[in-house]
$ cat my_file-v3.txt   # compact mmCIF, C-alpha atoms
# COMPACT_ATOMS: atom_id res chain seq x y z
CA MET A 1416 0.00 0.00 0.00
CA ALA A 1417 3.06 2.28 0.00
CA PRO A 1418 4.02 5.08 -0.59
CA THR A 1419 3.46 6.97 2.65
CA SER A 1420 6.36 9.15 3.93
CA THR A 1421 4.73 11.93 5.94
CA ALA A 1422 7.64 13.07 8.13
CA SER A 1423 7.35 16.73 9.07
CA ALA A 1424 10.06 19.36 9.04
CA ASP A 1425 11.79 20.72 12.13
CA PRO A 1426 10.30 24.03 13.29
CA LYS A 1427 12.01 27.12 11.86
CA PRO A 1428 12.81 30.21 13.88
CA MET A 1429 10.36 33.03 13.26
CA VAL A 1430 11.46 36.05 11.24
CA ASP A 1431 10.35 39.67 11.35
CA ILE A 1432 8.05 39.66 8.32
CA LYS A 1433 7.34 43.38 8.26
CA GLN A 1434 11.01 44.24 8.67
CA MET A 1435 11.94 42.05 5.71
CA VAL A 1436 9.18 43.37 3.47
CA LEU A 1437 9.03 47.08 4.34
CA VAL A 1438 12.66 47.98 5.00
CA ASP A 1439 15.16 48.47 2.17
CA SER A 1440 17.70 45.73 2.88
CA VAL A 1441 19.04 42.52 1.44
CA PHE A 1442 16.21 40.59 -0.22
CA GLY A 1443 17.08 37.46 -2.14
CA PRO A 1444 16.18 33.77 -2.46
CA LYS A 1445 17.13 33.10 1.17
CA GLU A 1446 14.81 35.81 2.48
CA VAL A 1447 11.98 34.65 0.21
CA GLN A 1448 12.35 31.12 1.56
CA GLN A 1449 12.32 32.41 5.14
CA ILE A 1450 9.08 34.29 4.52
CA ALA A 1451 7.50 31.25 2.84
CA GLU A 1452 8.44 29.03 5.79
CA ALA A 1453 7.18 31.56 8.34
CA ILE A 1454 3.73 32.10 6.81
CA ALA A 1455 3.25 28.36 6.29
CA THR A 1456 3.87 27.54 9.96
CA ASP A 1457 2.10 30.46 11.65
CA LEU A 1458 -1.15 32.05 10.49
CA ASN A 1459 -0.26 35.25 12.35
CA GLN A 1460 2.82 35.57 10.15
CA TYR A 1461 0.58 35.19 7.09
CA ARG A 1462 -1.58 38.07 8.33
CA LEU A 1463 1.55 40.18 8.91
CA LEU A 1464 2.66 39.51 5.33
CA ARG A 1465 -0.72 40.59 3.98
CA GLU A 1466 -0.55 43.76 6.08
CA ALA A 1467 3.00 44.52 4.93
CA VAL A 1468 2.04 43.98 1.30
CA GLY A 1469 -0.97 46.26 1.81
CA GLU A 1470 1.32 49.00 3.17
CA LEU A 1471 3.68 48.67 0.22
CA GLU A 1472 0.80 48.84 -2.26
CA LEU A 1473 -0.39 52.11 -0.70
CA LYS A 1474 2.98 53.84 -1.09
CA GLU A 1475 2.90 56.39 -3.89
CA GLU A 1476 6.44 55.66 -5.01
CA LEU A 1477 8.52 52.53 -4.65
CA SER A 1478 12.09 52.03 -5.76
CA PRO A 1479 12.73 49.31 -8.36
CA ALA A 1480 14.08 47.13 -5.56
CA GLY A 1481 10.93 47.82 -3.56
CA MET A 1482 8.84 46.71 -6.53
CA VAL A 1483 10.71 43.41 -6.56
CA ARG A 1484 9.99 42.86 -2.86
CA LEU A 1485 6.34 43.75 -3.43
CA GLY A 1486 5.94 41.54 -6.49
CA THR A 1487 7.65 38.56 -4.90
CA CYS A 1488 5.44 38.80 -1.82
CA GLN A 1489 2.34 39.19 -3.99
CA TYR A 1490 3.38 35.96 -5.69
CA LEU A 1491 3.64 34.20 -2.32
CA LEU A 1492 0.10 35.38 -1.51
CA GLY A 1493 -1.17 33.95 -4.80
CA ARG A 1494 -1.86 37.38 -6.35
CA TYR A 1495 -0.23 36.46 -9.62
CA ARG A 1496 -1.52 39.23 -11.88
CA ARG A 1497 -0.47 41.91 -9.40
CA ALA A 1498 2.88 40.18 -8.98
CA VAL A 1499 3.51 40.43 -12.73
CA GLU A 1500 2.65 44.12 -12.77
CA SER A 1501 4.96 44.88 -9.84
CA LEU A 1502 7.89 42.73 -10.97
CA GLN A 1503 7.82 44.27 -14.44
CA LYS A 1504 8.51 47.61 -12.73
CA GLY A 1505 11.37 46.11 -10.73
CA ASP A 1506 15.10 46.45 -11.08
CA GLY A 1507 15.45 43.86 -13.84
CA GLY A 1508 17.60 41.67 -11.62
CA ALA A 1509 17.78 37.91 -11.33
CA LEU A 1510 15.21 37.62 -8.52
CA ALA A 1511 12.70 39.82 -10.37
CA HIS A 1512 12.91 37.74 -13.54
CA TYR A 1513 12.75 34.44 -11.65
CA TYR A 1514 9.55 35.24 -9.75
CA LEU A 1515 8.13 36.92 -12.82
CA ALA A 1516 8.57 33.56 -14.56
CA LYS A 1517 6.82 31.73 -11.73
CA ALA A 1518 3.93 34.21 -11.78
CA TRP A 1519 3.57 33.93 -15.57
CA ALA A 1520 3.52 30.14 -15.24
CA ALA A 1521 0.77 30.34 -12.59
CA LEU A 1522 -1.25 32.48 -15.03
CA GLN A 1523 -0.66 29.88 -17.77
CA GLU A 1524 1.25 32.45 -19.85
CA TYR A 1525 3.84 29.83 -20.65
CA GLN A 1526 5.90 31.56 -23.35
CA HIS A 1527 6.31 34.59 -21.10
CA ALA A 1528 7.41 32.23 -18.34
CA LEU A 1529 10.05 30.62 -20.55
CA ASP A 1530 11.35 34.02 -21.61
CA SER A 1531 11.54 35.17 -18.00
CA TYR A 1532 13.43 32.07 -16.88
CA ALA A 1533 15.95 32.71 -19.64
CA ALA A 1534 16.28 36.34 -18.50
CA ALA A 1535 16.68 35.23 -14.88
CA GLN A 1536 19.53 32.90 -15.77
CA LYS A 1537 21.21 35.59 -17.88
CA ALA A 1538 20.92 37.99 -14.93
CA GLY A 1539 22.66 35.50 -12.63
CA TYR A 1540 19.96 33.35 -11.01
CA ASP A 1541 20.98 29.74 -10.30
CA PRO A 1542 20.99 28.11 -13.78
CA ASP A 1543 19.93 24.71 -12.42
CA TYR A 1544 16.77 26.13 -10.85
CA CYS A 1545 16.04 28.11 -14.01
CA ALA A 1546 16.34 24.85 -15.95
CA LEU A 1547 13.93 23.16 -13.53
CA GLY A 1548 11.52 26.03 -14.05
CA ARG A 1549 11.69 25.66 -17.83
CA ALA A 1550 11.14 21.92 -17.52
CA GLU A 1551 8.01 22.51 -15.45
CA VAL A 1552 6.63 25.01 -17.97
CA LEU A 1553 7.25 22.65 -20.89
CA ARG A 1554 5.46 19.88 -19.00
CA LEU A 1555 2.50 22.18 -18.35
CA MET A 1556 2.49 23.05 -22.06
CA GLY A 1557 2.01 19.35 -22.84
CA LYS A 1558 5.65 18.77 -23.86
CA PRO A 1559 6.89 16.25 -21.27
CA THR A 1560 9.48 14.75 -23.61
CA GLU A 1561 11.22 18.12 -23.99
CA ALA A 1562 10.95 18.64 -20.23
CA LEU A 1563 12.63 15.29 -19.57
CA GLU A 1564 15.46 16.19 -21.94
CA ILE A 1565 16.20 19.26 -19.82
CA LEU A 1566 16.14 17.20 -16.63
CA ASP A 1567 18.44 14.58 -18.14
CA ARG A 1568 21.04 17.26 -18.85
CA LEU A 1569 21.23 18.32 -15.20
CA SER A 1570 23.79 16.67 -12.96
CA GLY A 1571 25.49 17.03 -9.61
CA ALA A 1572 23.99 18.26 -6.36
CA ILE A 1573 20.80 19.50 -8.02
CA GLU A 1574 19.78 15.86 -8.64
CA GLN A 1575 19.39 15.32 -4.90
CA THR A 1576 17.13 18.34 -4.32
CA ALA A 1577 13.42 18.03 -3.66
CA GLU A 1578 12.61 20.30 -6.61
CA TYR A 1579 14.53 18.14 -9.09
CA LEU A 1580 13.08 14.90 -7.74
CA TYR A 1581 9.57 16.34 -7.87
CA GLN A 1582 9.93 17.71 -11.42
CA ARG A 1583 11.31 14.40 -12.62
CA GLY A 1584 8.48 12.49 -10.97
CA ALA A 1585 5.82 14.82 -12.39
CA THR A 1586 7.37 14.64 -15.86
CA ILE A 1587 7.52 10.84 -15.89
CA ALA A 1588 3.91 10.79 -14.66
CA ALA A 1589 2.95 13.08 -17.57
CA LEU A 1590 4.61 10.63 -19.96
CA GLY A 1591 2.44 7.86 -18.50
CA VAL A 1592 5.29 5.44 -17.80
CA ASN A 1593 6.88 3.78 -14.77
CA PRO A 1594 4.28 4.57 -12.06
CA GLY A 1595 6.49 2.86 -9.49
CA GLU A 1596 9.34 5.23 -10.28
CA VAL A 1597 6.99 8.20 -10.03
CA ALA A 1598 5.91 7.22 -6.51
CA ALA A 1599 9.51 6.61 -5.46
CA LEU A 1600 10.64 10.00 -6.77
CA TYR A 1601 7.86 11.80 -4.90
CA ALA A 1602 8.77 9.94 -1.70
CA ARG A 1603 12.45 10.85 -2.11
CA ALA A 1604 11.50 14.49 -2.73
CA VAL A 1605 9.50 14.61 0.50
CA GLU A 1606 12.43 13.05 2.35
CA ALA A 1607 14.70 15.79 0.97
CA ASP A 1608 12.18 18.53 1.86
CA PRO A 1609 9.21 17.42 4.01
CA ASN A 1610 7.34 20.61 3.07
CA HIS A 1611 7.78 20.65 -0.71
CA PRO A 1612 4.23 21.47 -1.95
CA GLY A 1613 4.45 19.77 -5.33
CA ALA A 1614 6.06 16.60 -3.99
CA LEU A 1615 3.50 16.41 -1.19
CA PHE A 1616 0.71 16.79 -3.74
CA GLY A 1617 2.20 14.07 -5.93
CA LEU A 1618 2.64 11.75 -2.96
CA ALA A 1619 -0.93 12.49 -1.87
CA LEU A 1620 -2.20 11.46 -5.32
CA GLU A 1621 -0.23 8.23 -5.17
CA ASN A 1622 -1.65 7.41 -1.73
CA ASP A 1623 -5.12 8.42 -2.91
CA ARG A 1624 -4.93 5.95 -5.80
CA ARG A 1625 -3.81 3.18 -3.49
CA GLY A 1626 -6.63 3.75 -1.02
CA ASN A 1627 -4.39 5.19 1.70
CA ASP A 1628 -6.95 7.86 2.60
CA ASP A 1629 -5.37 8.95 5.88
CA GLU A 1630 -1.93 9.33 4.35
CA ALA A 1631 -3.39 11.12 1.33
CA MET A 1632 -5.25 13.61 3.50
CA GLU A 1633 -2.16 14.29 5.60
CA CYS A 1634 -0.08 15.01 2.48
CA TYR A 1635 -2.82 17.18 0.97
CA LYS A 1636 -3.03 19.17 4.21
CA ARG A 1637 0.69 19.80 4.33
CA SER A 1638 0.81 20.72 0.65
CA ALA A 1639 -2.15 23.09 1.01
CA ALA A 1640 -0.47 24.77 3.97
CA ARG A 1641 2.31 26.11 1.74
CA PHE A 1642 2.27 29.46 -0.05
CA PRO A 1643 1.42 30.25 -2.74
CA PRO A 1644 -1.47 27.79 -2.49
CA HIS A 1645 -1.23 24.57 -4.48
CA LEU A 1646 -4.38 24.47 -6.55
CA GLY A 1647 -4.63 20.70 -6.94
CA ALA A 1648 -3.96 20.05 -3.26
CA LEU A 1649 -6.65 22.49 -2.17
CA LEU A 1650 -9.18 21.06 -4.62
CA ASN A 1651 -8.59 17.43 -3.70
CA LEU A 1652 -8.36 18.18 0.01
CA GLY A 1653 -11.72 19.93 -0.20
CA VAL A 1654 -13.27 16.85 -1.82
CA LEU A 1655 -11.81 14.61 0.91
CA TYR A 1656 -13.19 16.93 3.60
CA GLU A 1657 -16.61 16.66 1.97
CA ASP A 1658 -16.32 12.85 1.93
CA HIS A 1659 -15.73 13.06 5.71
CA GLY A 1660 -18.64 15.46 6.22
CA GLN A 1661 -16.31 18.37 7.12
CA TYR A 1662 -18.03 20.85 4.85
CA GLU A 1663 -16.78 24.06 6.48
CA LEU A 1664 -13.17 22.96 5.99
CA ALA A 1665 -13.99 22.09 2.37
CA VAL A 1666 -15.44 25.57 1.87
CA GLN A 1667 -12.22 27.11 3.19
CA CYS A 1668 -10.20 25.14 0.63
CA TYR A 1669 -12.36 26.25 -2.30
CA GLN A 1670 -12.35 29.87 -1.13
CA ARG A 1671 -8.55 29.86 -0.99
CA ILE A 1672 -8.51 28.73 -4.63
CA LEU A 1673 -10.87 31.55 -5.56
CA ASP A 1674 -8.64 34.08 -3.80
CA ALA A 1675 -5.90 33.21 -6.30
CA TYR A 1676 -8.12 32.29 -9.28
CA PRO A 1677 -11.41 34.27 -9.03
CA ASN A 1678 -12.68 32.74 -12.29
CA HIS A 1679 -11.97 29.09 -11.41
CA GLU A 1680 -15.23 27.43 -12.40
CA ARG A 1681 -14.61 24.08 -10.72
CA ALA A 1682 -13.84 25.78 -7.40
CA TRP A 1683 -17.07 27.77 -7.72
CA LEU A 1684 -19.02 24.60 -8.43
CA PHE A 1685 -17.47 22.66 -5.55
CA LEU A 1686 -17.93 25.61 -3.22
CA ARG A 1687 -21.62 25.73 -4.02
CA ASP A 1688 -21.98 21.99 -3.42
CA ALA A 1689 -20.12 22.11 -0.11
CA GLN A 1690 -22.17 25.05 1.13
CA ALA A 1691 -25.41 23.37 0.09
CA SER A 1692 -24.39 20.14 1.84
CA SER A 1693 -23.80 21.99 5.10
CA SER A 1694 -27.10 23.93 4.81
CA MET A 1695 -25.25 27.12 3.96
CA PHE A 1696 -26.03 29.50 1.14
CA LEU A 1697 -23.82 31.54 -1.14
CA ASP A 1698 -23.62 35.03 0.31
CA GLU A 1699 -24.61 37.95 -1.84
CA ASP A 1700 -21.05 39.02 -2.50
CA ILE A 1701 -20.06 35.64 -3.95
CA GLN A 1702 -23.21 35.47 -6.04
CA LYS A 1703 -22.58 38.98 -7.36
CA LYS A 1704 -19.04 37.97 -8.37
CA ARG A 1705 -20.39 35.01 -10.30
CA ASP A 1706 -23.06 37.14 -11.94
CA ARG A 1707 -20.49 39.79 -12.85
CA LEU A 1708 -18.24 37.15 -14.39
CA SER A 1709 -21.12 35.86 -16.52
CA GLN A 1710 -21.91 39.41 -17.65
CA VAL A 1711 -18.29 40.14 -18.48
CA MET A 1712 -17.95 36.97 -20.55
CA ASN A 1713 -20.91 38.08 -22.68
CA ILE A 1714 -19.48 41.52 -23.50
CA PRO A 1715 -19.14 41.83 -27.31
CA VAL A 1716 -15.61 42.39 -28.59
CA SER A 1717 -17.10 45.13 -30.76
CA ASP A 1718 -17.40 47.23 -27.57
CA PHE A 1719 -13.62 47.69 -27.63
CA GLU A 1720 -11.56 49.83 -29.98
CA LEU A 1721 -9.68 47.24 -32.02
CA THR A 1722 -7.53 47.75 -35.07
CA ALA A 1723 -9.22 46.87 -38.35
CA ARG A 1724 -6.88 43.88 -38.78
CA SER A 1725 -7.70 42.42 -35.38
CA ARG A 1726 -11.43 43.03 -35.78
CA HIS A 1727 -11.48 41.38 -39.22
CA CYS A 1728 -9.56 38.31 -37.99
CA LEU A 1729 -11.88 37.84 -35.01
CA GLN A 1730 -14.93 38.11 -37.24
CA LYS A 1731 -13.57 35.42 -39.57
CA MET A 1732 -12.96 33.11 -36.61
CA GLY A 1733 -16.50 33.60 -35.32
CA ILE A 1734 -15.30 35.28 -32.12
CA ARG A 1735 -18.04 37.62 -30.92
CA THR A 1736 -17.64 37.95 -27.13
CA LEU A 1737 -14.96 38.00 -24.44
CA GLY A 1738 -16.13 34.49 -23.55
CA ASP A 1739 -15.31 33.37 -27.10
CA LEU A 1740 -11.82 34.83 -26.65
CA CYS A 1741 -11.38 32.98 -23.35
CA ARG A 1742 -12.22 29.74 -25.16
CA THR A 1743 -9.55 30.48 -27.78
CA THR A 1744 -5.83 29.89 -27.30
CA GLU A 1745 -2.98 32.13 -28.40
CA GLN A 1746 -1.89 29.44 -30.85
CA GLU A 1747 -5.32 29.41 -32.48
CA LEU A 1748 -5.30 33.18 -32.88
CA LEU A 1749 -1.79 33.24 -34.31
CA ALA A 1750 -2.75 30.51 -36.76
CA SER A 1751 -5.25 32.90 -38.32
CA LYS A 1752 -3.99 34.64 -41.43
CA ASN A 1753 -2.80 38.23 -40.82
CA PHE A 1754 -3.08 37.86 -37.04
CA GLY A 1755 0.33 38.68 -35.53
CA GLU A 1756 1.99 39.52 -32.23
CA THR A 1757 0.74 43.11 -32.31
CA SER A 1758 -2.88 41.97 -32.54
CA LEU A 1759 -2.22 39.31 -29.88
CA GLN A 1760 -0.89 41.92 -27.46
CA GLU A 1761 -3.95 44.07 -28.14
CA ILE A 1762 -6.26 41.17 -27.24
CA ARG A 1763 -4.26 40.33 -24.10
CA GLN A 1764 -4.61 43.89 -22.83
CA ILE A 1765 -8.37 43.89 -23.38
CA LEU A 1766 -8.80 40.63 -21.47
CA ALA A 1767 -6.40 41.63 -18.70
CA SER A 1768 -8.45 44.78 -18.09
CA LYS A 1769 -11.35 42.47 -17.19
CA GLY A 1770 -9.30 39.96 -15.19
CA LEU A 1771 -9.46 37.38 -18.00
CA SER A 1772 -6.91 35.63 -20.20
CA LEU A 1773 -6.75 33.75 -23.48
CA GLY A 1774 -7.36 30.02 -23.26
CA MET A 1775 -8.70 30.09 -19.70
CA ARG A 1776 -11.83 28.29 -20.91
CA ALA A 1777 -10.29 26.40 -23.81
CA SER A 1778 -11.52 23.09 -22.40
CA GLU A 1779 -15.10 24.17 -23.14
CA LYS A 1780 -14.42 24.03 -26.85
CA ARG A 1781 -13.23 20.49 -27.42
CA PRO A 1782 -13.66 19.10 -30.95
CA LEU A 1783 -15.87 16.06 -31.22
CA GLU A 1784 -13.97 12.95 -32.23
CA PRO A 1785 -15.44 10.25 -34.46
CA PHE A 1786 -17.47 7.66 -32.55
CA GLU A 1787 -16.98 3.94 -32.83
CA THR A 1788 -20.70 3.31 -33.34
CA ASP A 1789 -23.05 4.32 -36.12
CA GLU A 1790 -26.12 3.82 -33.96
CA LEU A 1791 -26.51 7.48 -32.99
CA THR A 1792 -29.39 9.31 -34.63
CA PRO A 1793 -29.04 12.86 -35.99
CA GLU A 1794 -31.06 14.08 -33.01
CA GLN A 1795 -28.63 12.38 -30.63
CA GLN A 1796 -25.68 13.85 -32.47
CA ALA A 1797 -27.18 17.30 -31.92
CA VAL A 1798 -27.02 17.03 -28.14
CA LEU A 1799 -23.49 15.63 -27.86
CA SER A 1800 -21.91 19.00 -27.24
CA ARG A 1801 -24.15 19.78 -24.26
CA PRO A 1802 -22.32 20.15 -20.92
CA ILE A 1803 -22.45 17.50 -18.21
CA SER A 1804 -24.25 19.99 -15.97
CA ASP A 1805 -27.34 19.49 -18.16
CA LEU A 1806 -27.68 16.01 -16.65
CA ASN A 1807 -28.30 17.49 -13.17
CA LEU A 1808 -26.25 14.75 -11.55
CA SER A 1809 -25.61 14.41 -7.82
CA ALA A 1810 -22.49 16.14 -6.50
CA ARG A 1811 -20.59 12.86 -6.04
CA ALA A 1812 -21.26 11.62 -9.57
CA ARG A 1813 -20.49 15.01 -11.11
CA LYS A 1814 -17.15 15.32 -9.30
CA CYS A 1815 -16.11 11.84 -10.36
CA LEU A 1816 -16.79 12.73 -13.99
CA MET A 1817 -14.77 15.91 -13.63
CA ARG A 1818 -11.84 13.90 -12.28
CA LEU A 1819 -11.99 11.96 -15.56
CA SER A 1820 -12.01 15.27 -17.53
CA ILE A 1821 -15.53 14.53 -18.78
CA ASN A 1822 -17.09 17.87 -19.65
CA THR A 1823 -19.71 17.10 -22.28
CA LEU A 1824 -22.18 14.36 -23.14
CA ALA A 1825 -19.90 13.44 -26.04
CA ASP A 1826 -17.04 12.88 -23.61
CA LEU A 1827 -19.26 10.78 -21.35
CA ILE A 1828 -20.56 8.29 -23.91
CA ARG A 1829 -16.99 7.45 -24.92
CA PHE A 1830 -16.68 5.70 -21.54
CA SER A 1831 -18.02 2.28 -20.67
CA GLY A 1832 -19.71 1.51 -17.38
CA ASP A 1833 -16.69 -0.49 -16.22
CA GLN A 1834 -14.36 2.42 -16.96
CA LEU A 1835 -16.51 4.78 -14.90
CA LEU A 1836 -16.59 2.34 -12.01
CA GLU A 1837 -12.78 2.48 -11.86
CA CYS A 1838 -13.01 6.11 -10.71
CA LYS A 1839 -12.74 6.50 -6.93
CA ASN A 1840 -16.08 7.15 -5.18
CA PHE A 1841 -18.01 6.26 -8.34
CA GLY A 1842 -20.17 3.25 -7.50
CA VAL A 1843 -23.09 1.34 -8.93
CA THR A 1844 -25.55 3.94 -7.62
CA SER A 1845 -23.74 6.71 -9.51
CA LEU A 1846 -23.50 4.52 -12.62
CA ASN A 1847 -27.23 3.83 -12.62
CA GLU A 1848 -27.87 7.54 -12.13
CA VAL A 1849 -25.72 8.39 -15.17
CA ARG A 1850 -27.41 5.72 -17.28
CA GLU A 1851 -30.86 7.03 -16.36
CA LYS A 1852 -29.93 10.63 -17.16
CA LEU A 1853 -28.40 9.65 -20.51
CA ARG A 1854 -31.52 7.66 -21.33
CA GLN A 1855 -33.54 10.87 -21.07
CA PHE A 1856 -31.39 12.23 -23.93
CA GLY A 1857 -31.64 9.02 -25.94
CA LEU A 1858 -27.98 8.20 -25.30
CA LYS A 1859 -26.06 5.26 -23.81
CA LEU A 1860 -22.61 4.59 -22.44
CA ARG A 1861 -20.09 2.90 -24.69
CA GLY A 1862 -20.83 -0.75 -25.32
CA GLU A 1863 -24.41 -0.63 -23.99
$ encode --input "my_file-v3.txt" --output "structure tokens"
Amino acid sequence: MAPTSTASADPKPMVDIKQMVLVDSVFGPKEVQQIAEAIATDLNQYRLLREAVGELELKEELSPAGMVRLGTCQYLLGRYRRAVESLQKGDGGALAHYYLAKAWAALQEYQHALDSYAAAQKAGYDPDYCALGRAEVLRLMGKPTEALEILDRLSGAIEQTAEYLYQRGATIAALGVNPGEVAALYARAVEADPNHPGALFGLALENDRRGNDDEAMECYKRSAARFPPHLGALLNLGVLYEDHGQYELAVQCYQRILDAYPNHERAWLFLRDAQASSSMFLDEDIQKKRDRLSQVMNIPVSDFELTARSRHCLQKMGIRTLGDLCRTTEQELLASKNFGETSLQEIRQILASKGLSLGMRASEKRPLEPFETDELTPEQQAVLSRPISDLNLSARARKCLMRLSINTLADLIRFSGDQLLECKNFGVTSLNEVREKLRQFGLKLRGE
């Protein structure tokens, strides 16, 4: 049933958070690590960091070095867009470029992240850690083979660090090979650094898959305690809390995700379910945010002053609203004839002004693949693109389908009943529920 490995780190001496953030003094990787350790082990230190960041943000003028301190601390708090804005006004040093890269990666602006890692290395940041950063970005871009090539070129002391072991484990996992090696790498990473958020998350997943619920929850908790928050750890920990009937704790997890990613649809959905399960209701402020997001996504692009070239390209691609843009990737835009970097930057600025970004809803526009059966009628074909939410499934069944990346009815009917039953927490009751709901649309699971 291994892996387990949940040893905790020795307590670190507390640091003066406000002194480090507000006073012009040495501020480098060591100080950043000290702050991260402090806020992860003491909630009062986290509050002090938020207060210090608030004071810095209110200052009318900050030196370039002050902007780097501000941006780095905003990154630790999960305020990635603000971190980018601050770090871009920084001193152009190694630390500024490195955390700018990490913030870009968190925002899924992967090419910017790669460029920033290159700039960080050129400015003098540790080349091995810059290489690890590039490997992570390439993996997130769906290029695990290229990521592994970078990792294979590294040698020496870096190979024994938690970050290297974690990146190697995550990359091999993305390649879908050697699951035993993946688990071993995560366990070694946690041994090297008992508080490494990514390694703890990976180890939690491995324990989760093996049915080690207690070990999985412990790892998720420790990963979620780090800053900036680990999105996957918070999401999965929230689901485990719900499974144990601890709905208020689940709500806290989902709200932490929304603090960093206000438009995260899955966190909104899970939050609503958790609150409903504990007889709570969405407060007006949360509901207003959701309503505002829906309104913003429906704003026509014609409301903005675009160049004729950009406007013409968007019209040809059938892009009418900001929501359409959010379902479109940069690569898709650049593939359009006459659409270049200048137009791309114009679109980015429009979306950024509304707190949105290209591709953030790309998963909603997945092309339908050919089906292995010819038994579907034209009427059935017409409903295949409808979202899973149209089935009005129970929370448990819906979450299981989301874990399998099933977003539409077309995705769902590609699965057999046996495949669905392999998903954790998806039992015969959920399977019968799915079958009944599909029957109402005239559809069946694969092989039925």
$ atom_distance --input "my_file-v3.txt" --atom1 "atom CA of A:Leu1515" --atom2 "atom CA of A:Thr1487"
8.1 Å
$ closest_residue --input "my_file-v3.txt" --among "A:Leu1566, A:Ala1723, A:Leu1555, A:Val1447" --to "A:Tyr1514" --atoms "only C-alpha atoms"
A:Val1447
$ atom_distance --input "my_file-v3.txt" --atom1 "atom CA of A:Arg1811" --atom2 "atom CA of A:Val1843"
12.1 Å
$ closest_residue --input "my_file-v3.txt" --among "A:Arg1801, A:Lys1636, A:Lys1537, A:His1527" --to "A:Gln1503" --atoms "only C-alpha atoms"
A:His1527
$ closest_residue --input "my_file-v3.txt" --among "A:Thr1560, A:Ser1709, A:Asn1840, A:Gln1746" --to "A:Gln1526" --atoms "all atoms listed in the file"
A:Gln1746
$ residues_around --input "my_file-v3.txt" --residues "A:Arg1681" --least-positions-apart "3" --cutoff "10 Å" --atoms "all atoms listed in the file" --output "mmCIF file with C-alpha atoms, in the frame of the given file"
data_model
loop_
_atom_site.group_PDB
_atom_site.id
_atom_site.type_symbol
_atom_site.label_atom_id
_atom_site.label_comp_id
_atom_site.auth_asym_id
_atom_site.auth_seq_id
_atom_site.Cartn_x
_atom_site.Cartn_y
_atom_site.Cartn_z
ATOM 1 C CA LEU A 1650 -9.180 21.060 -4.620
ATOM 2 C CA TYR A 1669 -12.360 26.250 -2.300
ATOM 3 C CA ILE A 1672 -8.510 28.730 -4.630
ATOM 4 C CA LEU A 1673 -10.870 31.550 -5.560
ATOM 5 C CA ASN A 1678 -12.680 32.740 -12.290
ATOM 6 C CA LEU A 1684 -19.020 24.600 -8.430
ATOM 7 C CA PHE A 1685 -17.470 22.660 -5.550
ATOM 8 C CA LEU A 1686 -17.930 25.610 -3.220
ATOM 9 C CA ARG A 1687 -21.620 25.730 -4.020
ATOM 10 C CA LYS A 1814 -17.150 15.320 -9.300
ATOM 11 C CA MET A 1817 -14.770 15.910 -13.630
#
$ residues_around --input "my_file-v3.txt" --residues "A:Asp1457" --least-positions-apart "2" --cutoff "12 Å" --atoms "only C-alpha atoms" --output "MDAnalysis selection string"
chainID A and resid 1426:1430 1432 1450:1455 1459:1464 1640:1642
$ axis_aligned_box --input "my_file-v3.txt" --around "stretch 1478-1496 of chain A" --padding-each-side "6 Å" --output "AutoDock Vina command-line options"
--center_x 6.1 --center_y 43.0 --center_z -6.7 --size_x 27.9 --size_y 30.1 --size_z 22.4
$ closest_residue --input "my_file-v3.txt" --among "A:Glu1630, A:Ala1767, A:Phe1442, A:Val1552" --to "A:Val1499" --atoms "only C-alpha atoms"
A:Ala1767
$ residues_around --input "my_file-v3.txt" --residues "stretch 1602-1606 of chain A" --least-positions-apart "6" --cutoff "6 Å" --atoms "only C-alpha atoms" --output "short mmCIF file (atom, residue, chain, number, x, y, z; two decimals) with C-alpha atoms, in the frame of the given file"
data_model
loop_
_atom_site.label_atom_id
_atom_site.label_comp_id
_atom_site.auth_asym_id
_atom_site.auth_seq_id
_atom_site.Cartn_x
_atom_site.Cartn_y
_atom_site.Cartn_z
CA ALA A 1577 13.42 18.03 -3.66
CA LEU A 1580 13.08 14.90 -7.74
CA TYR A 1581 9.57 16.34 -7.87
CA ALA A 1614 6.06 16.60 -3.99
#
$ atom_distance --input "my_file-v3.txt" --atom1 "atom CA of A:Leu1808" --atom2 "atom CA of A:Gly1647"
22.9 Å
$ closest_residue --input "my_file-v3.txt" --among "A:Ala1516, A:Pro1594, A:Phe1841, A:Leu1547" --to "A:Leu1529" --atoms "all atoms listed in the file"
A:Ala1516
$ residues_around --input "my_file-v3.txt" --residues "A:Leu1491" --least-positions-apart "2" --cutoff "6 Å" --atoms "all atoms listed in the file" --output "JSON, numbers by chain"
{"A": [1488, 1489, 1493, 1642, 1643]}
$ closest_residue --input "my_file-v3.txt" --among "A:Thr1844, A:Ser1717, A:Gln1764, A:Ser1831" --to "A:Arg1861" --atoms "all atoms listed in the file"
A:Ser1831
$ residues_near_point --input "my_file-v3.txt" --point "(11.7, 53.1, -9.9)" --cutoff "12 Å" --atoms "all atoms listed in the file" --output "list in words"
Glu1475, Glu1476, Leu1477, Ser1478, Pro1479, Ala1480, Gly1481, Met1482, Val1483, Ser1501, Leu1502, Gln1503, Lys1504, Gly1505, Asp1506 and Gly1507 of chain A
$ residues_around --input "my_file-v3.txt" --residues "A:Phe1754" --least-positions-apart "3" --cutoff "12 Å" --atoms "only C-alpha atoms" --output "list in words"
Thr1722, Ala1723, Arg1724, Ser1725, Arg1726, His1727, Cys1728, Leu1729, Gln1730, Lys1731, Met1732, Glu1745, Gln1746, Glu1747, Leu1748, Leu1749, Ala1750, Ser1751, Thr1757, Ser1758, Leu1759, Gln1760, Glu1761 and Ile1762 of chain A
$ decode --input "my_file-v3.txt" --residues "stretch 1685-1689 of chain A" --atoms "C-alpha atoms" --output "mmCIF file, in the first residue's frame"
data_model
loop_
_atom_site.group_PDB
_atom_site.id
_atom_site.type_symbol
_atom_site.label_atom_id
_atom_site.label_comp_id
_atom_site.auth_asym_id
_atom_site.auth_seq_id
_atom_site.Cartn_x
_atom_site.Cartn_y
_atom_site.Cartn_z
ATOM 1 C CA PHE A 1685 -17.467 22.659 -5.555
ATOM 2 C CA LEU A 1686 -17.932 25.607 -3.217
ATOM 3 C CA ARG A 1687 -21.623 25.729 -4.018
ATOM 4 C CA ASP A 1688 -21.983 21.995 -3.419
ATOM 5 C CA ALA A 1689 -20.119 22.112 -0.108
#
